[in-house]
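Structure first, commentary second.
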Amino acid sequence: MRARAVGGSRRGKGGMADTTELAQSASAVLRRCRAVLGGMEHRLSDVVRAREQDFLALGENLMELQTGCEDISTKARELVELSSGQSMLATLDNLSGQLRALTDVDAHDSGRQSLDDIDGVSRIVEALSEIVAAFAKIVKQLSMLGIATRIESARLGADGRGFSTLADDVEKLARSIVDHCAGIIARIGTLRGHVASARESTLASIKAQRGCYDTISGQLGANLAGLGEVSARSADLSRELSENATEVAADIAQAVKSLQFHDIVRQQIEHVEHALTELATTLDTDASAEENPLELVGFTSDVLGLQTSQLDSAGQHFSEAAGTLRGTLSSLAGRIEDIGRSIASLPGHAGDAGDSPLARVKSGIARVKSELGEFAAQGEALGGIMDSVAGTIAEMGESIEAIEEVGAEIELIALNASIKAAHTGQAGAALSVLATAIQRLSADARRQTDAVSRILGDISNASKGLQETARRYNDQSEAWRVIGELDTVLADVAGTVSQCDGLFAVLSASSSEFGARSRSVGKHIDFDKDLVGSLSRIRDSLAKQADEARQLVPGGAAARGVRLQELYDRYTMDAERAVHEAAFGLQAGTGDAAGSARAVPAETGEFGDNVELF
């Protein structure tokens, strides 16, 4: 490269002296620049290489934070979905309808009707007891007639022999009535016991029915309403979490983008190193060959000034990126902690997880199941009592049939007594009176047995209602089926509650852990100060040499084109091109022979479309 005299040729001895002096000054400047450039490229490489492990560790931390945040978001959505109870709302609503059908007002009225039927049977039994007691009078009269007949038969002697057999028959009938009445009275006692038990069991069943209905309508109904509210709140929270997860992902992406400045700065520094190495080589090879070294000084001024600008740009961008990274990680920490707070706002998860709507549903179902099981068991027991009432009434009917047969026999005996008395003639007048008394007694017995039969008919009719009630109470299959479904739902709810408790514990710990970790990672990002400081010191050294060269040759190299074009062509980032163009007062996208700037393609990102990453 041949340098021409700056400011034109000078004539005369004075001009020759000035030119010689300038040449000597230029050579001195070039020597000092070369001395400063000695080993400069290695110092630049060391600046980035010294922080390489910091960047690798930061990258690993960001990957761990990203994985942790994704896991937190996934578990948070799962917890919200589980806590809403949406999957069991329809099942519980259907079961609630079935439970109400089992224990509603109609079923309650049926229990009251059963109680009225039992009270009716009780009254009929008391009436029967009074009528059966009246047989004692008939038995007493029969016994007296039997004794009188035997006395009169003995008085008549041979004529009264037939009346002795008649007396035996009368006494036998009296004993038969006593035996049958005793059986009826015993069964009345049994029936009283059954009726009392049925009444007590019916009252207990009605009470259990009312309690079960109240539990279903109150607790389970309220729990269903609570689940509905939680479902709506969970839907809102799910949207909130989705937005939060999107923002977390954006923060992670921003952090990764900020971390790419390591690679960007490394490339810029590599290009600066390359430029400085070539400048050093140029100074080694061209300085001695230049007739006028001022042109080389101008070129050196241009190159050094350009590289100080590139280092300024790299340091500024790196410092800004580090600040953005710190702010992003702080924001990320807040968003992660927000997820934890959002989860804690779920009903039942702000404090005692056992008080969550799902836990209350679980408790409510368990109580409904218990009370419904008690109601069903009491119903079956009551059905058995009703069967016993009906069986006892049937047995009493058999005893009444036997008494009716006794009444018929009394009539037959009375007829035989009248016939015998007529055959005896005047001597059997007393026996005729006895026969008439037996006939009247047979009529009384007939009336009593008819009354008993009517009452037993009433009891029988009442027992049909009781038997129908018994069949209904005995058939508790629907109740037990619903209890089986409650068992299934209860197991599902218990499993869901357990899952929710586990997820809540994990999320609480994870959001706290990763929030703190993100904040800590951001807080400990300080390598930019060291790196920017090192670059600044090197830049100051280069700037000092550039200023010294610029004082000697203020306008820079007169012919910049070819060498500066080579530098420009090597740039891989639009940011470098922009620095180059700004250094020589060019506009982006314009060519200039002095600066050899070529058109800059439209940027596809902050640093163009040609950024090399790891």
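Every chain in the structure tokens takes a letter, A first, then B, and so on in the order presented; its residues are numbered from 1, and the ligands are numbered from 1 following the presented order.
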
Legend entry - Exercise: region 240-257 of chain A partners within 7 Å, only C-alpha atoms, chain neighbours under 6 positions left out, as a ChimeraX atom specification: /A:66,73,325,328,332,335,339

Got time to write the residues from that selection, N, CA and C atoms, as a PDB file, in the first residue's frame?
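Just written: again-v4.pdb:
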ATOM      1  N   GLN A  66     -37.298 -24.954  33.480  1.00  0.00           N
ATOM      2  CA  GLN A  66     -38.317 -25.191  32.453  1.00  0.00           C
ATOM      3  C   GLN A  66     -39.039 -26.510  32.705  1.00  0.00           C
ATOM      4  N   SER A  73     -47.182 -26.942  36.075  1.00  0.00           N
ATOM      5  CA  SER A  73     -48.385 -26.596  35.316  1.00  0.00           C
ATOM      6  C   SER A  73     -49.259 -27.823  35.071  1.00  0.00           C
ATOM      7  N   LEU A 325     -32.163 -10.873  31.756  1.00  0.00           N
ATOM      8  CA  LEU A 325     -32.200 -12.233  32.292  1.00  0.00           C
ATOM      9  C   LEU A 325     -32.515 -12.214  33.790  1.00  0.00           C
ATOM     10  N   THR A 328     -36.135 -11.283  34.105  1.00  0.00           N
ATOM     11  CA  THR A 328     -36.994 -12.387  33.646  1.00  0.00           C
ATOM     12  C   THR A 328     -37.072 -13.479  34.703  1.00  0.00           C
ATOM     13  N   LEU A 332     -40.213 -14.767  36.572  1.00  0.00           N
ATOM     14  CA  LEU A 332     -40.539 -16.195  36.550  1.00  0.00           C
ATOM     15  C   LEU A 332     -40.785 -16.710  37.961  1.00  0.00           C
ATOM     16  N   ARG A 335     -44.210 -15.703  39.036  1.00  0.00           N
ATOM     17  CA  ARG A 335     -45.283 -16.455  38.373  1.00  0.00           C
ATOM     18  C   ARG A 335     -45.390 -17.874  38.938  1.00  0.00           C
ATOM     19  N   ILE A 339     -48.657 -19.520  40.924  1.00  0.00           N
ATOM     20  CA  ILE A 339     -49.335 -20.808  40.719  1.00  0.00           C
ATOM     21  C   ILE A 339     -49.606 -21.451  42.074  1.00  0.00           C
TER      22      ILE A 339
END

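A straight line drawn from CA of Leu552 (chain A) to CA of Gly298 (chain A) is 8.2 Å long.
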
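The gap separating CA of Ala167 (chain A) from CA of Arg150 (chain A) is 5.6 Å, in Å to one decimal.
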
Within 12 Å of region 385-392 of chain A, which residues of region 132-204 of chain A come that close, and what is the closest atom pair and distance in Å for each? Count only C-alpha atoms and give it as a tab-separated table.
residue	atom	partner	partner_atom	distance
A:Gly183	CA	A:Thr392	CA	11.2
A:Ile184	CA	A:Thr392	CA	9.8
A:Ile185	CA	A:Thr392	CA	11.5
A:Ala186	CA	A:Thr392	CA	10.2
A:Arg187	CA	A:Thr392	CA	6.5
A:Ile188	CA	A:Thr392	CA	8.3
A:Gly189	CA	A:Thr392	CA	10.1
A:Thr190	CA	A:Thr392	CA	7.5
A:Leu191	CA	A:Val389	CA	6.1
A:Arg192	CA	A:Val389	CA	8.9
A:Gly193	CA	A:Val389	CA	9.2
A:His194	CA	A:Val389	CA	5.9
A:Val195	CA	A:Val389	CA	6.9
A:Ala196	CA	A:Ile385	CA	9.8
A:Ser197	CA	A:Ile385	CA	7.2
A:Ala198	CA	A:Ile385	CA	5.9
A:Arg199	CA	A:Ile385	CA	9.7
A:Glu200	CA	A:Ile385	CA	10.6
A:Ser201	CA	A:Ile385	CA	8.7
A:Thr202	CA	A:Ile385	CA	10.1

Inset, instruction - Might you pull out every residue within 12 Å of Ala134 (chain A), with only C-alpha atoms counted and same-chain residues fewer than 3 positions away left off, and present them as number ranges by chain? - result: A: 127-131, 137-141, 177-178, 181, 185, 444-445, 447-449, 451-452

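Across the model, the gap from CA of Ala546 (chain A) to CA of Ser301 (chain A) is 4.8 Å.
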
Contacts of Ile269 (chain A) at 9 Å (only C-alpha atoms; same-chain gap of 4+ positions) as a short mmCIF file (atom, residue, chain, number, x, y, z; two decimals) with C-alpha atoms, in the first residue's frame:
data_model
loop_
_atom_site.label_atom_id
_atom_site.label_comp_id
_atom_site.auth_asym_id
_atom_site.auth_seq_id
_atom_site.Cartn_x
_atom_site.Cartn_y
_atom_site.Cartn_z
CA GLU A 41 -6.57 -11.64 20.57
CA LEU A 44 -10.15 -11.32 24.25
CA SER A 45 -10.65 -15.09 24.00
CA VAL A 48 -15.31 -15.25 27.21
CA ILE A 264 -23.58 -13.49 20.06
CA VAL A 265 -20.91 -11.75 22.10
CA GLU A 273 -9.92 -10.87 17.31
CA HIS A 274 -9.73 -11.75 13.64
CA GLN A 310 -17.84 -3.44 18.14
CA LEU A 311 -16.61 -4.06 21.70
CA ALA A 314 -20.98 -6.31 22.53
#

Shell of 12 Å around His317 (chain A), only C-alpha atoms, local chain residues under 6 positions omitted, as a compact mmCIF listing (two decimals) with N, CA, C and O atoms, in the first residue's frame:
# COMPACT_ATOMS: atom_id res chain seq x y z
N SER A 258 -32.21 -14.46 26.12
CA SER A 258 -31.20 -13.61 26.74
C SER A 258 -29.89 -14.35 26.90
O SER A 258 -28.80 -13.77 26.74
N LEU A 259 -29.98 -15.63 27.17
CA LEU A 259 -28.77 -16.43 27.34
C LEU A 259 -28.00 -16.56 26.03
O LEU A 259 -26.78 -16.77 26.03
N GLN A 260 -28.68 -16.38 24.90
CA GLN A 260 -28.01 -16.51 23.61
C GLN A 260 -26.98 -15.40 23.38
O GLN A 260 -26.15 -15.49 22.48
N PHE A 261 -27.04 -14.36 24.21
CA PHE A 261 -26.07 -13.28 24.06
C PHE A 261 -24.65 -13.79 24.29
O PHE A 261 -23.69 -13.18 23.79
N HIS A 262 -24.52 -14.84 25.03
CA HIS A 262 -23.20 -15.42 25.21
C HIS A 262 -22.61 -15.78 23.86
O HIS A 262 -21.45 -15.46 23.55
N ASP A 263 -23.41 -16.44 23.03
CA ASP A 263 -22.94 -16.85 21.71
C ASP A 263 -22.75 -15.66 20.79
O ASP A 263 -21.80 -15.60 19.99
N ILE A 264 -23.66 -14.69 20.91
CA ILE A 264 -23.58 -13.49 20.06
C ILE A 264 -22.31 -12.70 20.38
O ILE A 264 -21.55 -12.31 19.49
N VAL A 265 -22.11 -12.49 21.68
CA VAL A 265 -20.91 -11.75 22.10
C VAL A 265 -19.66 -12.51 21.73
O VAL A 265 -18.64 -11.93 21.29
N ARG A 266 -19.70 -13.82 21.86
CA ARG A 266 -18.52 -14.63 21.50
C ARG A 266 -18.19 -14.45 20.02
O ARG A 266 -17.03 -14.29 19.65
N GLN A 268 -19.02 -11.84 18.12
CA GLN A 268 -18.52 -10.49 17.91
C GLN A 268 -17.04 -10.39 18.33
O GLN A 268 -16.22 -9.78 17.63
N GLN A 310 -17.30 -2.08 18.06
CA GLN A 310 -17.84 -3.44 18.14
C GLN A 310 -17.80 -3.94 19.59
O GLN A 310 -18.73 -4.58 20.07
N LEU A 311 -16.72 -3.64 20.30
CA LEU A 311 -16.61 -4.06 21.70
C LEU A 311 -17.62 -3.30 22.57
O LEU A 311 -18.22 -3.87 23.50
N GLY A 323 -29.12 -8.03 32.41
CA GLY A 323 -30.17 -7.36 33.20
C GLY A 323 -31.54 -7.92 32.88
O GLY A 323 -32.37 -8.15 33.78
N THR A 324 -31.80 -8.12 31.58
CA THR A 324 -33.09 -8.71 31.17
C THR A 324 -33.24 -10.11 31.76
O THR A 324 -34.33 -10.49 32.23
N LEU A 325 -32.16 -10.87 31.76
CA LEU A 325 -32.20 -12.23 32.29
C LEU A 325 -32.51 -12.21 33.79
O LEU A 325 -33.33 -13.01 34.28
N ASP A 528 -21.75 -10.62 34.12
CA ASP A 528 -21.72 -9.57 33.12
C ASP A 528 -20.79 -8.42 33.55
O ASP A 528 -20.13 -7.79 32.71
N LEU A 531 -17.24 -9.59 32.83
CA LEU A 531 -16.97 -9.68 31.39
C LEU A 531 -16.97 -8.29 30.75
O LEU A 531 -16.06 -7.95 29.99
N VAL A 532 -17.99 -7.49 31.07
CA VAL A 532 -18.06 -6.14 30.49
C VAL A 532 -16.88 -5.30 30.96
O VAL A 532 -16.31 -4.51 30.20
N ALA A 575 -26.28 -6.82 13.63
CA ALA A 575 -25.81 -5.87 14.64
C ALA A 575 -24.39 -5.41 14.33
O ALA A 575 -24.05 -4.22 14.51
N GLU A 576 -23.54 -6.31 13.84
CA GLU A 576 -22.17 -5.94 13.49
C GLU A 576 -22.16 -5.00 12.28
O GLU A 576 -21.39 -4.03 12.23
N GLU A 606 -33.87 -9.74 16.53
CA GLU A 606 -33.12 -8.62 17.08
C GLU A 606 -31.70 -8.56 16.55
O GLU A 606 -31.12 -7.49 16.41
N PHE A 607 -31.13 -9.76 16.22
CA PHE A 607 -29.73 -9.79 15.77
C PHE A 607 -29.62 -10.38 14.38
O PHE A 607 -28.59 -10.88 13.99
